[in-house]
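Participant: So I've got this file, target-v3.cif, and it contains mmCIF, C-alpha atoms:
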```cif
data_model
loop_
_atom_site.label_atom_id
_atom_site.label_comp_id
_atom_site.auth_asym_id
_atom_site.auth_seq_id
_atom_site.Cartn_x
_atom_site.Cartn_y
_atom_site.Cartn_z
CA MET A 682 105.00 60.86 85.65
CA LEU A 683 101.53 62.16 84.72
CA ASP A 684 100.59 62.09 88.39
CA ALA A 685 103.62 64.15 89.27
CA ILE A 686 102.65 66.71 86.64
CA ILE A 687 99.03 66.90 87.79
CA ALA A 688 100.21 67.17 91.41
CA HIS A 689 102.10 70.37 90.61
CA TYR A 690 100.43 71.69 87.46
CA ASN A 691 98.36 74.21 89.41
CA TYR A 692 101.42 75.60 91.18
CA TRP A 693 103.35 75.94 87.93
CA LEU A 694 100.61 77.77 86.07
CA VAL A 695 100.00 80.04 89.04
CA ILE A 696 103.73 80.85 89.14
CA PHE A 697 103.62 81.51 85.38
CA LEU A 698 100.78 84.00 85.97
CA MET A 699 102.77 85.63 88.77
CA MET A 700 105.75 86.05 86.50
CA ILE A 701 103.62 87.65 83.76
CA GLY A 702 102.43 90.13 86.38
CA LEU A 703 105.99 90.81 87.53
CA TYR A 704 107.18 91.27 83.94
CA ILE A 705 104.41 93.79 83.25
CA VAL A 706 105.33 95.73 86.39
CA ILE A 707 109.01 95.90 85.48
CA SER A 708 108.93 96.38 81.72
CA ARG A 709 105.90 98.56 80.98
CA GLY A 710 106.23 102.32 81.38
CA ASN A 711 102.54 103.14 81.55
CA LEU A 712 101.49 103.58 85.18
CA VAL A 713 97.99 102.14 84.70
CA LYS A 714 99.53 99.07 83.08
CA LYS A 715 101.90 98.73 86.03
CA ILE A 716 98.99 98.63 88.45
CA VAL A 717 97.23 96.04 86.26
CA GLY A 718 100.41 93.95 86.43
CA LEU A 719 100.41 94.27 90.20
CA ASN A 720 96.78 93.11 90.22
CA ILE A 721 97.62 90.04 88.13
CA PHE A 722 100.45 89.20 90.52
CA GLN A 723 98.12 89.65 93.46
CA THR A 724 95.36 87.45 92.03
CA SER A 725 97.84 84.67 91.30
CA VAL A 726 99.08 84.79 94.91
CA PHE A 727 95.46 84.36 95.97
CA LEU A 728 95.13 81.36 93.66
CA LEU A 729 98.32 79.86 95.11
CA TYR A 730 96.97 80.07 98.64
CA ILE A 731 93.57 78.63 97.69
CA THR A 732 95.28 75.81 95.77
CA LEU A 733 97.15 74.92 98.97
CA GLY A 734 93.84 74.61 100.83
CA LYS A 735 92.19 72.28 98.31
CA VAL A 736 91.57 68.69 99.49
CA ASN A 737 90.72 65.91 97.06
CA GLY A 738 87.10 64.91 97.47
CA GLY A 739 86.54 67.85 99.82
CA THR A 740 83.68 70.34 99.64
CA ALA A 741 83.29 74.00 100.47
CA PRO A 742 83.72 74.44 104.25
CA ILE A 743 80.05 74.82 105.14
CA LEU A 744 78.69 72.47 107.80
CA THR A 745 75.78 70.25 106.80
CA ASP A 746 74.09 67.39 108.63
CA LYS A 747 76.12 64.64 107.04
CA PRO A 748 79.83 64.25 107.82
CA GLU A 749 82.04 65.46 104.98
CA THR A 750 85.62 66.29 104.18
CA PHE A 751 86.17 70.02 103.98
CA SER A 752 88.80 71.99 102.16
CA ASN A 753 91.02 74.08 104.40
CA PRO A 754 88.99 77.17 105.43
CA LEU A 755 91.96 79.09 106.82
CA PRO A 756 93.47 80.23 103.47
CA HIS A 757 89.98 81.27 102.39
CA VAL A 758 89.70 83.64 105.35
CA LEU A 759 93.17 85.00 104.73
CA ILE A 760 92.46 85.64 101.06
CA LEU A 761 89.06 87.22 101.71
CA THR A 762 90.90 89.81 103.79
CA ALA A 763 93.62 90.14 101.16
CA ILE A 764 91.16 90.75 98.30
CA VAL A 765 89.51 93.64 100.11
CA VAL A 766 92.85 95.14 101.17
CA GLY A 767 94.03 94.64 97.57
CA VAL A 768 91.22 96.72 96.13
CA ALA A 769 91.94 99.44 98.70
CA THR A 770 95.58 99.62 97.61
CA THR A 771 94.52 99.54 93.94
CA ALA A 772 92.23 102.51 94.55
CA LEU A 773 95.11 104.36 96.20
CA GLY A 774 97.38 103.53 93.28
CA PHE A 775 94.88 104.80 90.72
CA ALA A 776 94.37 107.97 92.76
CA LEU A 777 98.14 108.52 92.63
CA VAL A 778 98.08 107.97 88.86
CA VAL A 779 95.36 110.61 88.42
CA ARG A 780 97.32 113.01 90.62
CA ILE A 781 100.55 112.39 88.69
CA ARG A 782 98.73 113.01 85.42
CA GLU A 783 97.51 116.36 86.79
CA SER A 784 100.99 117.48 87.75
CA TYR A 785 102.99 116.11 84.83
CA GLY A 786 100.42 115.82 82.05
CA SER A 787 101.38 112.23 81.37
CA ILE A 788 101.19 108.76 82.87
CA GLU A 789 104.17 107.41 80.93
CA GLU A 790 107.23 106.86 83.06
CA ASP A 791 109.64 108.22 80.41
CA ASP A 792 107.73 111.49 80.01
CA ILE A 793 107.51 111.99 83.76
CA LEU A 794 111.26 111.44 84.19
CA ALA A 795 111.97 113.82 81.29
CA THR A 796 109.80 116.51 82.90
CA GLU A 797 111.58 115.98 86.21
CA ARG A 798 115.00 116.34 84.58
CA ALA A 799 113.98 119.47 82.71
CA GLU A 800 112.67 121.03 85.92
CA ASP A 801 115.86 120.13 87.75
CA GLU A 802 117.94 121.80 85.04
CA ILE A 803 115.85 124.95 85.24
CA ALA A 804 116.26 124.99 89.02
CA VAL A 805 120.03 124.53 88.74
CA ASN A 806 120.33 127.28 86.13
CA GLU A 807 118.32 129.66 88.29
CA ALA A 808 120.51 128.91 91.29
CA LEU A 809 123.67 129.53 89.27
CA SER A 810 122.60 132.80 87.67
CA MET B 901 85.25 59.80 84.92
CA THR B 902 85.38 60.44 88.65
CA GLY B 903 84.33 63.70 90.22
CA ALA B 904 87.87 64.57 91.24
CA GLY B 905 89.19 63.96 87.72
CA MET B 906 86.45 66.13 86.27
CA ILE B 907 87.35 68.94 88.67
CA THR B 908 91.02 68.65 87.72
CA ILE B 909 90.10 69.12 84.06
CA VAL B 910 87.93 72.17 84.82
CA ASP B 911 90.75 73.48 86.95
CA ILE B 912 93.42 73.06 84.29
CA ALA B 913 91.19 74.53 81.57
CA LEU B 914 90.40 77.62 83.64
CA LEU B 915 94.05 78.12 84.60
CA THR B 916 95.12 77.87 80.97
CA MET B 917 92.51 80.46 79.99
CA LEU B 918 93.80 82.71 82.79
CA CYS B 919 97.31 82.44 81.38
CA PHE B 920 96.14 83.45 77.88
CA THR B 921 94.17 86.38 79.32
CA ALA B 922 97.26 87.55 81.20
CA ILE B 923 99.40 87.34 78.05
CA ALA B 924 96.77 89.35 76.15
CA ILE B 925 96.81 91.98 78.91
CA MET B 926 100.58 92.18 78.62
CA VAL B 927 100.55 92.57 74.82
CA LEU B 928 97.61 94.95 74.32
CA ARG B 929 98.27 98.67 74.34
CA HIS B 930 94.71 99.91 74.29
CA LEU B 931 94.03 100.45 77.99
CA PHE B 932 90.27 100.20 77.53
CA ALA B 933 90.67 96.64 76.24
CA VAL B 934 93.06 95.96 79.12
CA ALA B 935 90.35 97.09 81.56
CA ALA B 936 87.83 94.72 79.98
CA LEU B 937 90.33 91.85 80.06
CA THR B 938 91.14 92.57 83.71
CA GLY B 939 87.45 92.09 84.47
CA ALA B 940 87.46 88.83 82.51
CA PHE B 941 90.61 87.76 84.37
CA SER B 942 88.91 88.30 87.72
CA LEU B 943 85.79 86.48 86.57
CA LEU B 944 87.83 83.48 85.37
CA SER B 945 89.71 83.36 88.64
CA ALA B 946 86.39 83.50 90.50
CA GLY B 947 85.30 80.43 88.51
CA LEU B 948 88.56 78.71 89.37
CA LEU B 949 88.06 79.54 93.05
CA VAL B 950 84.66 77.80 92.96
CA ALA B 951 86.33 74.70 91.50
CA LEU B 952 88.83 74.91 94.38
CA ASP B 953 85.97 74.92 96.96
CA ALA B 954 86.52 78.53 98.01
CA VAL B 955 82.99 79.79 97.39
CA ASP B 956 83.21 82.78 99.71
CA VAL B 957 86.43 83.93 98.11
CA ALA B 958 84.95 83.46 94.63
CA PHE B 959 82.01 85.62 95.62
CA THR B 960 84.25 88.40 96.86
CA GLU B 961 86.58 88.15 93.87
CA ALA B 962 83.66 88.39 91.43
CA ALA B 963 82.20 91.39 93.24
CA VAL B 964 85.37 93.26 94.18
CA GLY B 965 87.87 92.11 91.56
CA ALA B 966 85.64 91.99 88.51
CA GLY B 967 83.32 94.77 89.69
CA ILE B 968 84.88 97.51 91.78
CA SER B 969 88.44 97.20 90.42
CA THR B 970 87.20 97.45 86.83
CA VAL B 971 85.06 100.49 87.67
CA LEU B 972 88.04 102.14 89.40
CA MET B 973 90.22 101.45 86.38
CA LEU B 974 87.65 102.80 83.92
CA GLY B 975 87.35 105.92 86.09
CA THR B 976 91.12 106.38 86.00
CA LEU B 977 91.16 105.94 82.22
CA ALA B 978 88.42 108.54 81.85
CA LEU B 979 90.56 111.00 83.86
CA THR B 980 93.85 110.20 82.15
CA GLN B 981 94.34 108.55 78.77
CA ARG B 982 93.09 105.49 76.93
CA ARG B 983 96.22 104.34 75.15
CA GLU B 984 99.78 103.52 75.99
CA HIS B 985 101.76 106.04 73.98
CA ARG B 986 105.16 104.40 74.04
CA PRO B 987 105.62 101.19 72.08
CA PRO B 988 106.31 98.24 74.41
CA ARG B 989 109.99 97.99 75.13
CA PHE B 990 111.65 94.63 75.26
CA SER B 991 113.54 94.63 78.51
CA LEU B 992 116.24 92.01 78.89
CA THR B 993 116.81 92.86 82.56
CA ALA B 994 113.13 92.37 83.30
CA LEU B 995 113.10 89.06 81.44
CA LEU B 996 116.15 87.81 83.33
CA VAL B 997 114.72 88.86 86.71
CA VAL B 998 111.43 87.17 85.87
CA ILE B 999 113.06 83.96 84.67
CA ALA B 1000 115.30 83.78 87.74
CA THR B 1001 112.40 84.39 90.15
CA GLY B 1002 110.10 81.99 88.32
CA GLY B 1003 112.79 79.32 88.17
CA ALA B 1004 113.43 79.61 91.90
CA LEU B 1005 109.71 79.39 92.65
CA ILE B 1006 109.19 76.38 90.39
CA TYR B 1007 112.20 74.69 91.99
CA ALA B 1008 110.58 75.34 95.37
CA THR B 1009 107.31 73.65 94.36
CA SER B 1010 109.05 70.26 94.38
CA ASP B 1011 108.85 70.47 98.17
CA MET B 1012 105.18 71.39 98.20
CA PRO B 1013 102.52 68.79 99.07
CA ALA B 1014 100.77 67.38 96.00
CA TYR B 1015 97.68 69.20 94.80
CA GLY B 1016 94.69 68.11 96.90
CA ASP B 1017 96.76 65.98 99.29
CA PRO B 1018 94.56 65.33 102.36
CA ASN B 1019 97.66 64.80 104.53
CA ALA B 1020 99.23 68.18 103.79
CA PRO B 1021 100.79 69.73 106.92
CA ALA B 1022 98.63 72.82 106.52
CA LEU B 1023 95.54 70.71 107.28
CA LYS B 1024 96.91 69.16 110.45
CA HIS B 1025 97.61 72.09 112.74
CA VAL B 1026 94.78 74.40 113.88
CA VAL B 1027 92.35 73.63 111.07
CA PRO B 1028 90.63 70.60 112.73
CA PHE B 1029 90.03 72.78 115.80
CA TYR B 1030 88.22 75.40 113.72
CA ILE B 1031 86.21 72.83 111.74
CA GLU B 1032 85.08 70.93 114.82
CA GLY B 1033 84.54 73.94 117.01
CA SER B 1034 82.65 76.15 114.58
CA GLN B 1035 79.19 74.78 115.31
CA ASN B 1036 79.48 74.75 119.10
CA ASP B 1037 81.66 77.81 119.67
CA ILE B 1038 80.10 80.20 117.22
CA GLY B 1039 76.93 78.51 115.96
CA VAL B 1040 77.50 79.48 112.33
CA PRO B 1041 77.48 76.64 109.77
CA ASN B 1042 79.80 78.50 107.39
CA ILE B 1043 83.27 77.89 108.83
CA VAL B 1044 84.87 80.68 106.82
CA THR B 1045 82.41 83.18 108.31
CA SER B 1046 82.98 81.97 111.85
CA ILE B 1047 86.77 82.25 111.52
CA LEU B 1048 86.61 85.62 109.76
CA ALA B 1049 84.18 87.30 112.11
CA SER B 1050 84.85 85.55 115.39
CA TYR B 1051 87.99 83.43 115.83
CA ARG B 1052 90.10 85.92 113.91
CA GLY B 1053 87.85 88.93 114.36
CA TYR B 1054 90.75 91.23 115.25
CA ASP B 1055 92.33 90.57 111.88
CA THR B 1056 89.14 91.75 110.22
CA LEU B 1057 89.18 94.83 112.43
CA GLY B 1058 92.73 95.50 111.24
CA GLU B 1059 91.55 95.09 107.66
CA VAL B 1060 88.93 97.77 108.24
CA ALA B 1061 91.69 100.05 109.55
CA VAL B 1062 93.70 99.46 106.37
CA ILE B 1063 90.72 100.26 104.14
CA PHE B 1064 90.00 103.37 106.19
CA THR B 1065 93.60 104.51 105.77
CA ALA B 1066 93.46 103.88 102.01
CA GLY B 1067 90.18 105.80 101.84
CA ILE B 1068 91.76 108.77 103.63
CA GLY B 1069 94.69 108.57 101.23
CA VAL B 1070 92.44 108.66 98.17
CA MET B 1071 90.48 111.53 99.70
CA PHE B 1072 93.61 113.61 100.29
CA LEU B 1073 94.99 112.84 96.85
CA LEU B 1074 91.84 113.67 94.91
CA GLY B 1075 89.09 115.15 97.01
CA LEU B 1076 90.39 117.70 99.49
CA ARG B 1077 92.90 119.18 97.10
CA ARG B 1078 90.28 121.07 95.12
CA GLU B 1079 89.73 123.54 97.95
CA ASP B 1080 93.47 124.20 98.30
CA GLU B 1081 93.68 124.79 94.58
CA ASP B 1082 91.48 127.86 94.83
CA ASP B 1083 93.70 129.41 97.52
CA GLU B 1084 97.16 128.65 96.23
CA GLY B 1085 96.55 127.65 92.66
CA ALA B 1086 99.31 129.99 91.47
CA THR B 1087 102.04 128.06 93.27
CA ARG B 1088 101.31 124.82 91.46
CA ARG B 1089 104.00 123.50 89.15
CA GLY B 1090 103.48 124.87 85.69
CA PRO B 1091 105.53 122.95 83.10
CA GLY B 1092 104.09 119.84 81.59
CA ARG B 1093 100.58 120.42 82.77
CA PRO B 1094 98.19 120.62 79.86
CA PRO B 1095 95.67 123.45 79.99
CA ASP B 1096 92.80 121.00 79.74
CA ALA B 1097 94.01 118.65 82.49
CA PRO B 1098 91.00 116.79 83.81
CA LYS B 1099 89.61 117.73 87.17
CA PRO B 1100 89.52 115.13 89.93
CA GLY B 1101 86.35 113.62 91.29
CA GLY B 1102 84.26 110.68 90.19
CA THR B 1103 87.05 108.11 90.43
CA LYS B 1104 85.92 106.62 93.68
CA SER B 1105 82.55 105.06 93.04
#
```
Can the structure from this file be put into structure tokens for me?

Facilitator:
Amino acid sequence: MLDAIIAHYNYWLVIFLMMIGLYIVISRGNLVKKIVGLNIFQTSVFLLYITLGKVNGGTAPILTDKPETFSNPLPHVLILTAIVVGVATTALGFALVVRIRESYGSIEEDDILATERAEDEIAVNEALS
Amino acid sequence: MTGAGMITIVDIALLTMLCFTAIAIMVLRHLFAVAALTGAFSLLSAGLLVALDAVDVAFTEAAVGAGISTVLMLGTLALTQRREHRPPRFSLTALLVVIATGGALIYATSDMPAYGDPNAPALKHVVPFYIEGSQNDIGVPNIVTSILASYRGYDTLGEVAVIFTAGIGVMFLLGLRREDEDDEGATRRGPGRPPDAPKPGGTKS
């Protein structure tokens, strides 16, 4: 029983982290907080992949003179790429947040939607009159 | 205690700390504290990655995740606001979606190979080819480097293209706009914009 728990404990906690990230993205109205949630989700996906590559008794995949067991290097490569792409998308997201704040004066979803609605009403009234 | 058992304990301790950090990030409303905790989150995950033998990834995560991301976030906070204004809403829909997704994922883990299983299918396909070939084909002792830069070099080239695109996007959103503003500043949308709205620039470090 304990073995079964240890065998999957990593996966479960990583999934728990993922779900916290997802919950932040869905439930929080602040745009910066949403991006932080996305980052948490992203990091836990990285951890999931690296967990899959771990081999018991293995070492980091760097060749030495003596024969050794290595952990799977392929997920490492994949995640190296993903981390760098992730920071690029984060930068883009933050740039959008700054831009939204300039146009709407707020980074709270509710305020932005309210401004949008008010502007729509003004536009409709102008068209009618 | 064996080495593997020791590592498992380190692993579980770090993961548990990560979970508490994430919960704190969710609960806190002061965005400055959230930025600090995001840095701590990245640092903890970098430590976990070392325990999982992914030293290269840990290095990148510590530099990029804990470093650049935090700087970007602090820059954004400086240009926008430091607090969440609205009190956190409890969202039942969000909770249900999250529980359903999490339940499905946890159900799926029963099919996954056990943690650290040396006979996992992922280790049996192309991985031996890379591990054995690295020294002769590429001549680099670090297998991750030889896959990243040589075997799968085109992927890395594609990654550069993605970063370039994101860089152009950030530039158009923040940088180039300032010149347009001088020409057609009058046509910008008026309502909702505070008179002291911060000017762009300085976000991208």

Participant: Quick one: what's the axis-aligned box for segment 966-983 of chain B, all listed atoms, 8 Å on every side, centre and edges in Å to one decimal, as JSON?

Facilitator:
```
{"center_x": 89.8, "center_y": 101.5, "center_z": 83.5, "size_x": 28.9, "size_y": 35.0, "size_z": 32.6}
```

Participant: Decode the PyMOL selection byres ((chain A) within 7 of (chain B)) for the given file into explicit residues and return them as a VMD selection string.

Facilitator: chain A and resid 688 to 689 692 to 694 696 698 700 to 701 703 to 705 707 to 709 711 731 to 732 735 to 738 740 to 744 752 to 755 757 to 758 760 to 762 764 766 768 to 770 772 to 773 775 to 777 779 to 780 782 to 786 796

Participant: Take the residues just selected and output them with C-alpha atoms as a PDB file, in the frame of the given file.

Facilitator:
```pdb
ATOM      1  CA  ALA A 688     100.210  67.170  91.410  1.00  0.00           C
ATOM      2  CA  HIS A 689     102.100  70.370  90.610  1.00  0.00           C
ATOM      3  CA  TYR A 692     101.420  75.600  91.180  1.00  0.00           C
ATOM      4  CA  TRP A 693     103.350  75.940  87.930  1.00  0.00           C
ATOM      5  CA  LEU A 694     100.610  77.770  86.070  1.00  0.00           C
ATOM      6  CA  ILE A 696     103.730  80.850  89.140  1.00  0.00           C
ATOM      7  CA  LEU A 698     100.780  84.000  85.970  1.00  0.00           C
ATOM      8  CA  MET A 700     105.750  86.050  86.500  1.00  0.00           C
ATOM      9  CA  ILE A 701     103.620  87.650  83.760  1.00  0.00           C
ATOM     10  CA  LEU A 703     105.990  90.810  87.530  1.00  0.00           C
ATOM     11  CA  TYR A 704     107.180  91.270  83.940  1.00  0.00           C
ATOM     12  CA  ILE A 705     104.410  93.790  83.250  1.00  0.00           C
ATOM     13  CA  ILE A 707     109.010  95.900  85.480  1.00  0.00           C
ATOM     14  CA  SER A 708     108.930  96.380  81.720  1.00  0.00           C
ATOM     15  CA  ARG A 709     105.900  98.560  80.980  1.00  0.00           C
ATOM     16  CA  ASN A 711     102.540 103.140  81.550  1.00  0.00           C
ATOM     17  CA  ILE A 731      93.570  78.630  97.690  1.00  0.00           C
ATOM     18  CA  THR A 732      95.280  75.810  95.770  1.00  0.00           C
ATOM     19  CA  LYS A 735      92.190  72.280  98.310  1.00  0.00           C
ATOM     20  CA  VAL A 736      91.570  68.690  99.490  1.00  0.00           C
ATOM     21  CA  ASN A 737      90.720  65.910  97.060  1.00  0.00           C
ATOM     22  CA  GLY A 738      87.100  64.910  97.470  1.00  0.00           C
ATOM     23  CA  THR A 740      83.680  70.340  99.640  1.00  0.00           C
ATOM     24  CA  ALA A 741      83.290  74.000 100.470  1.00  0.00           C
ATOM     25  CA  PRO A 742      83.720  74.440 104.250  1.00  0.00           C
ATOM     26  CA  ILE A 743      80.050  74.820 105.140  1.00  0.00           C
ATOM     27  CA  LEU A 744      78.690  72.470 107.800  1.00  0.00           C
ATOM     28  CA  SER A 752      88.800  71.990 102.160  1.00  0.00           C
ATOM     29  CA  ASN A 753      91.020  74.080 104.400  1.00  0.00           C
ATOM     30  CA  PRO A 754      88.990  77.170 105.430  1.00  0.00           C
ATOM     31  CA  LEU A 755      91.960  79.090 106.820  1.00  0.00           C
ATOM     32  CA  HIS A 757      89.980  81.270 102.390  1.00  0.00           C
ATOM     33  CA  VAL A 758      89.700  83.640 105.350  1.00  0.00           C
ATOM     34  CA  ILE A 760      92.460  85.640 101.060  1.00  0.00           C
ATOM     35  CA  LEU A 761      89.060  87.220 101.710  1.00  0.00           C
ATOM     36  CA  THR A 762      90.900  89.810 103.790  1.00  0.00           C
ATOM     37  CA  ILE A 764      91.160  90.750  98.300  1.00  0.00           C
ATOM     38  CA  VAL A 766      92.850  95.140 101.170  1.00  0.00           C
ATOM     39  CA  VAL A 768      91.220  96.720  96.130  1.00  0.00           C
ATOM     40  CA  ALA A 769      91.940  99.440  98.700  1.00  0.00           C
ATOM     41  CA  THR A 770      95.580  99.620  97.610  1.00  0.00           C
ATOM     42  CA  ALA A 772      92.230 102.510  94.550  1.00  0.00           C
ATOM     43  CA  LEU A 773      95.110 104.360  96.200  1.00  0.00           C
ATOM     44  CA  PHE A 775      94.880 104.800  90.720  1.00  0.00           C
ATOM     45  CA  ALA A 776      94.370 107.970  92.760  1.00  0.00           C
ATOM     46  CA  LEU A 777      98.140 108.520  92.630  1.00  0.00           C
ATOM     47  CA  VAL A 779      95.360 110.610  88.420  1.00  0.00           C
ATOM     48  CA  ARG A 780      97.320 113.010  90.620  1.00  0.00           C
ATOM     49  CA  ARG A 782      98.730 113.010  85.420  1.00  0.00           C
ATOM     50  CA  GLU A 783      97.510 116.360  86.790  1.00  0.00           C
ATOM     51  CA  SER A 784     100.990 117.480  87.750  1.00  0.00           C
ATOM     52  CA  TYR A 785     102.990 116.110  84.830  1.00  0.00           C
ATOM     53  CA  GLY A 786     100.420 115.820  82.050  1.00  0.00           C
ATOM     54  CA  THR A 796     109.800 116.510  82.900  1.00  0.00           C
TER      55      THR A 796
END
```

Participant: Compare B:Thr970, B:Ala924, B:Leu943, B:Gly1033 by their minimum atom-to-atom distance to Ile716 of chain A, counting only C-alpha atoms, and give me the closest one.

Facilitator: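 Closest candidate: B:Thr970.
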
Participant: Under the rule that all atoms listed in the file are counted, which of A:Phe697, A:Gly774, A:Ile687, A:Thr745 is the nearest residue to Ile721 of chain A?

Facilitator: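 Selected residue with least distance to Ile721 of chain A: A:Phe697.
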
Participant: Set the distance at 9 Å and use all atoms listed in the file: which residues neighbour Val695 of chain A once local chain neighbours fewer than 4 positions away are removed? I'd like the list as a list in words.

Facilitator: Tyr690, Asn691, Met699, Met700, Ser725, Val726, Leu728 and Leu729 of chain A; Leu915 and Cys919 of chain B

Participant: In terms of the shortest atom-to-atom distance over all atoms listed in the file, which of B:Leu1057, B:Ala1008, B:Met917, B:Val910 is closest to Leu937 of chain B?

Facilitator: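 Using all atoms listed in the file, Leu937 of chain B sits closest to B:Met917.
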
Participant: Can you work out the spacing between atom CA of Asn806 of chain A and atom CA of Glu789 of chain A in Å, to one decimal?

Facilitator: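 Computing the Euclidean distance for atom CA of Asn806 of chain A and atom CA of Glu789 of chain A yields 26.1 Å.
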
Participant: What does the structure give for the distance between atom CA of Gly1039 of chain B and atom CA of Ala763 of chain A, in Å to one decimal?

Facilitator: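 Separation of atom CA of Gly1039 of chain B and atom CA of Ala763 of chain A: 25.2 Å.
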
Participant: For segment 1028-1041 of chain B, supply N, CA, C and O atoms and format the output as a CSV table (one decimal), keeping the file's coordinate frame.

Facilitator:
```csv
chain,number,residue,atom,x,y,z
B,1028,PRO,N,91.7,71.5,112.1
B,1028,PRO,CA,90.6,70.6,112.7
B,1028,PRO,C,89.9,71.3,113.9
B,1028,PRO,O,88.7,71.1,114.0
B,1029,PHE,N,90.6,72.1,114.7
B,1029,PHE,CA,90.0,72.8,115.8
B,1029,PHE,C,88.9,73.7,115.3
B,1029,PHE,O,87.8,73.8,115.9
B,1030,TYR,N,89.2,74.5,114.3
B,1030,TYR,CA,88.2,75.4,113.7
B,1030,TYR,C,87.0,74.6,113.2
B,1030,TYR,O,85.9,75.0,113.4
B,1031,ILE,N,87.3,73.5,112.4
B,1031,ILE,CA,86.2,72.8,111.7
B,1031,ILE,C,85.3,72.2,112.8
B,1031,ILE,O,84.1,72.2,112.7
B,1032,GLU,N,85.9,71.6,113.8
B,1032,GLU,CA,85.1,70.9,114.8
B,1032,GLU,C,84.4,71.9,115.7
B,1032,GLU,O,83.3,71.7,116.2
B,1033,GLY,N,85.1,73.0,116.0
B,1033,GLY,CA,84.5,73.9,117.0
B,1033,GLY,C,83.5,74.9,116.5
B,1033,GLY,O,82.7,75.4,117.2
B,1034,SER,N,83.5,75.1,115.2
B,1034,SER,CA,82.6,76.2,114.6
B,1034,SER,C,81.2,76.1,115.0
B,1034,SER,O,80.6,77.1,115.5
B,1035,GLN,N,80.6,74.9,115.0
B,1035,GLN,CA,79.2,74.8,115.3
B,1035,GLN,C,78.9,75.1,116.8
B,1035,GLN,O,78.0,75.9,117.1
B,1036,ASN,N,79.7,74.5,117.7
B,1036,ASN,CA,79.5,74.8,119.1
B,1036,ASN,C,79.9,76.1,119.6
B,1036,ASN,O,79.2,76.8,120.4
B,1037,ASP,N,81.1,76.5,119.2
B,1037,ASP,CA,81.7,77.8,119.7
B,1037,ASP,C,80.9,79.0,119.1
B,1037,ASP,O,80.6,79.9,119.9
B,1038,ILE,N,80.6,79.0,117.8
B,1038,ILE,CA,80.1,80.2,117.2
B,1038,ILE,C,78.7,80.0,116.8
B,1038,ILE,O,77.9,80.9,116.9
B,1039,GLY,N,78.3,78.8,116.4
B,1039,GLY,CA,76.9,78.5,116.0
B,1039,GLY,C,76.6,79.0,114.5
B,1039,GLY,O,75.5,79.2,114.2
B,1040,VAL,N,77.7,79.1,113.7
B,1040,VAL,CA,77.5,79.5,112.3
B,1040,VAL,C,77.9,78.3,111.5
B,1040,VAL,O,79.0,77.8,111.6
B,1041,PRO,N,77.1,77.8,110.6
B,1041,PRO,CA,77.5,76.6,109.8
B,1041,PRO,C,78.6,76.9,108.8
B,1041,PRO,O,79.4,76.0,108.5
```
